[in-house]
Every structure is written in C-alpha cells, then in structure tokens.
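Novice: Handing you a structure now.
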Amino acid sequence: MNYLCESLMTPVYETCLDTDPVSRAAQIMRRQGTNFVAVTEPTHRVVTVLTDRDIAVRALAAGLPADTPIRTIMPRQELVTVMPEDTLQTAKHKMIQARASRVLVTGRYGIVLGVINRSDIVKHEQSLRADTQRVSSGNDRYRRVGVAS
C-alpha cells in the first residue's frame, strides 16, 4: 500500500527567519521538543534547517553571543523536501540519497508544513510488518477485514 507523506508527517508550527537571533531558534527547539527548526524567508518559504548541533558548534563553541543572527551560522546545504501527496517510499528514497535524517514536507511555494524523521519511517515499517505477521499467523483473534469466516 502506498502511504502518503501527509499521513506520517509531524506538523511544523513554528519557524524562524535568518535575521532572528540564535537564541530564538534555541527557544523554538525547546518549546517544540525537537533538535531542529526550519529557517524561512519572510514569505514563509523554507530555506534551510538549523539544528541544535549547528548552534552548539557554530555559535557557542565559537563564542558568539546569543543575539547573533541565524544567517551567520546557518548551514548552506541542499534541502530534502517532499510534497504532502508524495509517497513515503519517495521520502525514504530522498533521505537515503541525501544521507539525511529528516525530510521536510512542503506545500506550494515551498512553505514548510511538516517533517518526517527517519525514525518515523522505521516505526511505520515495523508497524506494517507486525500487522502483516498478525494477519498471516492464522491466529483467530486477528482476521482480515472483509474475509468471511
């Protein structure tokens, strides 16, 4: 079955601008309980992802103040993105190709809608395997939907 990215993505509600201070990015990560934040243009089009490691290595270790603009330390890598209607296989393939731990789900005009992490895909695949094993085990407690007994 082809599951869509929108079915597994975690919504991204808060982003920051490259002109915002590094401290704002850290506060967003703390509030959201994540280790990254999407950096966008004023039009909300995503331009990069800033991680807690970027802050630690490029700002803190370099002795930069907390009010340093994000643009000073933000990475300049290619974004890995998918559309909500793309399949999870597409997301997985793109992550493997880019050696990325996450893929951003973007809508029209590059506006970030959500994120899918590698661990989300692994958990999803494990769940599918477990469901398949239950159905094929012949255990009477688990029956295929639509199969008469």
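Residues in the structure tokens are named by chain (A, B, ... in the order shown) and by number from 1 within that chain; ligands are numbered from 1 in the order shown.
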Could you find all residues in chain A that DSSP calls alpha helix (DSSP H) from the backbone, and write them as a PyMOL selection string?

Specialist: chain A and resi 5-8+22-32+52-54+88-98+118-136

Novice: Could the residues in this selection be written to a file with N, CA and C atoms, as a CSV table (one decimal), in the first residue's frame?

Specialist:
```
chain,number,residue,atom,x,y,z
A,5,CYS,N,2.9,11.0,2.4
A,5,CYS,CA,3.7,11.7,3.4
A,5,CYS,C,2.9,12.5,4.4
A,6,GLU,N,1.7,13.0,3.9
A,6,GLU,CA,0.9,13.8,4.9
A,6,GLU,C,0.3,12.9,6.0
A,7,SER,N,0.3,11.6,5.8
A,7,SER,CA,-0.2,10.7,6.8
A,7,SER,C,0.7,10.4,7.9
A,8,LEU,N,2.0,10.7,7.7
A,8,LEU,CA,3.0,10.4,8.7
A,8,LEU,C,3.8,11.6,9.2
A,22,VAL,N,20.0,33.7,17.3
A,22,VAL,CA,20.2,32.2,17.5
A,22,VAL,C,19.4,31.8,18.7
A,23,SER,N,19.3,32.6,19.7
A,23,SER,CA,18.6,32.3,21.0
A,23,SER,C,17.1,32.0,20.7
A,24,ARG,N,16.5,32.7,19.7
A,24,ARG,CA,15.1,32.4,19.3
A,24,ARG,C,15.0,31.0,18.7
A,25,ALA,N,15.9,30.6,17.9
A,25,ALA,CA,15.9,29.2,17.3
A,25,ALA,C,16.0,28.2,18.5
A,26,ALA,N,16.9,28.4,19.4
A,26,ALA,CA,17.0,27.5,20.6
A,26,ALA,C,15.7,27.4,21.4
A,27,GLN,N,15.1,28.6,21.6
A,27,GLN,CA,13.8,28.6,22.3
A,27,GLN,C,12.7,27.8,21.6
A,28,ILE,N,12.7,28.0,20.3
A,28,ILE,CA,11.7,27.2,19.5
A,28,ILE,C,11.9,25.7,19.6
A,29,MET,N,13.2,25.3,19.5
A,29,MET,CA,13.5,23.9,19.6
A,29,MET,C,13.1,23.4,21.0
A,30,ARG,N,13.3,24.2,22.0
A,30,ARG,CA,13.0,23.8,23.4
A,30,ARG,C,11.5,23.6,23.5
A,31,ARG,N,10.7,24.6,23.0
A,31,ARG,CA,9.2,24.6,23.1
A,31,ARG,C,8.7,23.4,22.4
A,32,GLN,N,9.2,23.1,21.2
A,32,GLN,CA,8.7,22.0,20.3
A,32,GLN,C,9.2,20.7,20.7
A,52,ASP,N,20.3,21.9,16.6
A,52,ASP,CA,20.9,22.2,17.9
A,52,ASP,C,22.5,22.0,17.8
A,53,ARG,N,22.9,21.1,16.9
A,53,ARG,CA,24.4,21.0,16.7
A,53,ARG,C,25.0,22.2,16.0
A,54,ASP,N,24.2,22.8,15.0
A,54,ASP,CA,24.7,24.0,14.4
A,54,ASP,C,24.9,25.1,15.4
A,88,LEU,N,5.5,7.7,1.0
A,88,LEU,CA,6.6,7.5,2.0
A,88,LEU,C,7.8,6.9,1.3
A,89,GLN,N,7.6,6.1,0.3
A,89,GLN,CA,8.7,5.5,-0.4
A,89,GLN,C,9.6,6.6,-1.1
A,90,THR,N,8.9,7.6,-1.6
A,90,THR,CA,9.6,8.7,-2.2
A,90,THR,C,10.4,9.5,-1.1
A,91,ALA,N,9.8,9.7,0.1
A,91,ALA,CA,10.5,10.3,1.2
A,91,ALA,C,11.7,9.5,1.6
A,92,LYS,N,11.5,8.2,1.8
A,92,LYS,CA,12.6,7.3,2.2
A,92,LYS,C,13.7,7.4,1.2
A,93,HIS,N,13.4,7.3,-0.1
A,93,HIS,CA,14.4,7.3,-1.1
A,93,HIS,C,15.2,8.6,-1.1
A,94,LYS,N,14.5,9.7,-1.0
A,94,LYS,CA,15.2,11.0,-0.9
A,94,LYS,C,16.2,11.1,0.3
A,95,MET,N,15.7,10.6,1.4
A,95,MET,CA,16.5,10.7,2.6
A,95,MET,C,17.8,9.8,2.4
A,96,ILE,N,17.6,8.6,1.9
A,96,ILE,CA,18.8,7.7,1.6
A,96,ILE,C,19.7,8.4,0.7
A,97,GLN,N,19.2,8.9,-0.4
A,97,GLN,CA,20.1,9.6,-1.4
A,97,GLN,C,20.9,10.7,-0.8
A,98,ALA,N,20.2,11.5,0.0
A,98,ALA,CA,20.9,12.7,0.6
A,98,ALA,C,21.6,12.4,1.9
A,118,ARG,N,13.6,9.9,10.0
A,118,ARG,CA,14.0,8.6,9.7
A,118,ARG,C,13.3,7.6,10.7
A,119,SER,N,13.3,8.0,12.0
A,119,SER,CA,12.7,7.1,13.0
A,119,SER,C,11.2,6.9,12.7
A,120,ASP,N,10.5,8.0,12.2
A,120,ASP,CA,9.1,7.9,11.9
A,120,ASP,C,8.8,6.8,10.8
A,121,ILE,N,9.7,6.7,9.8
A,121,ILE,CA,9.6,5.7,8.8
A,121,ILE,C,9.9,4.3,9.3
A,122,VAL,N,10.9,4.2,10.1
A,122,VAL,CA,11.2,2.9,10.7
A,122,VAL,C,10.1,2.4,11.5
A,123,LYS,N,9.5,3.2,12.4
A,123,LYS,CA,8.4,2.8,13.2
A,123,LYS,C,7.2,2.4,12.4
A,124,HIS,N,6.9,3.2,11.4
A,124,HIS,CA,5.8,2.9,10.5
A,124,HIS,C,6.0,1.5,9.8
A,125,GLU,N,7.2,1.2,9.3
A,125,GLU,CA,7.5,0.0,8.6
A,125,GLU,C,7.4,-1.2,9.6
A,126,GLN,N,7.9,-1.0,10.8
A,126,GLN,CA,7.8,-2.1,11.9
A,126,GLN,C,6.3,-2.4,12.2
A,127,SER,N,5.5,-1.3,12.2
A,127,SER,CA,4.1,-1.5,12.5
A,127,SER,C,3.4,-2.3,11.4
A,128,LEU,N,3.8,-2.0,10.1
A,128,LEU,CA,3.2,-2.7,9.0
A,128,LEU,C,3.6,-4.2,9.0
A,129,ARG,N,4.9,-4.4,9.3
A,129,ARG,CA,5.3,-5.8,9.4
A,129,ARG,C,4.6,-6.6,10.5
A,130,ALA,N,4.4,-5.9,11.7
A,130,ALA,CA,3.7,-6.6,12.8
A,130,ALA,C,2.3,-6.9,12.4
A,131,ASP,N,1.6,-5.9,11.7
A,131,ASP,CA,0.2,-6.2,11.3
A,131,ASP,C,0.2,-7.3,10.3
A,132,THR,N,1.1,-7.4,9.4
A,132,THR,CA,1.1,-8.5,8.4
A,132,THR,C,1.4,-9.8,9.0
A,133,GLN,N,2.2,-9.8,10.0
A,133,GLN,CA,2.5,-11.1,10.7
A,133,GLN,C,1.3,-11.6,11.5
A,134,ARG,N,0.5,-10.6,12.1
A,134,ARG,CA,-0.7,-11.0,12.8
A,134,ARG,C,-1.7,-11.6,11.9
A,135,VAL,N,-1.9,-11.0,10.7
A,135,VAL,CA,-2.9,-11.5,9.8
A,135,VAL,C,-2.5,-12.8,9.2
A,136,SER,N,-1.2,-13.0,8.9
A,136,SER,CA,-0.8,-14.2,8.2
A,136,SER,C,-0.5,-15.4,9.2
```

Novice: Compile the contact shell of range 101-104 of chain A as a count of residues only: residues with an atom at most 8 Å away, counting only C-alpha atoms, same-chain residues fewer than 3 positions apart removed.

Specialist: 14

Novice: One decimal, Å: what's the distance from CA of Tyr109 in chain A over to CA of Gly33 in chain A, could you say?

Specialist: 26.8 Å

Novice: Rank nothing, just name the residue among A:Ile70, A:Gly107, A:Thr15, A:Val57 nearest to Ala38 in chain A, using only C-alpha atoms.

Specialist: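 Using only C-alpha atoms, the shortest distance to Ala38 in chain A belongs to A:Thr15.
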
Novice: Give me, please, the distance in Å between CA of Leu17 in chain A and CA of Asp67 in chain A, quoted to one decimal.

Specialist: 13.2 Å

Novice: May I ask which of the residues A:Arg99, A:Val105, A:Pro21, A:Asn35 is the closest one to Pro69 in chain A, counting only C-alpha atoms?

Specialist: A:Pro21

Novice: What does the distance from CA of Met83 in chain A to CA of Phe36 in chain A come to in Å, to one decimal?

Specialist: 19.6 Å

Novice: List every residue of chain A that DSSP, applied to the backbone of this structure, assigns to strand (DSSP E), and report them as a PyMOL selection string.

Specialist: chain A and resi 10-11+16-17+36-40+46-51+81-82+102-106+112-117

Novice: Here is a test: counting only C-alpha atoms, which residue of A:Asn2, A:Leu64, A:Arg45, A:Thr34 is nearest to Asp18 in chain A?

Specialist: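 Selected residue with least distance to Asp18 in chain A: A:Arg45.
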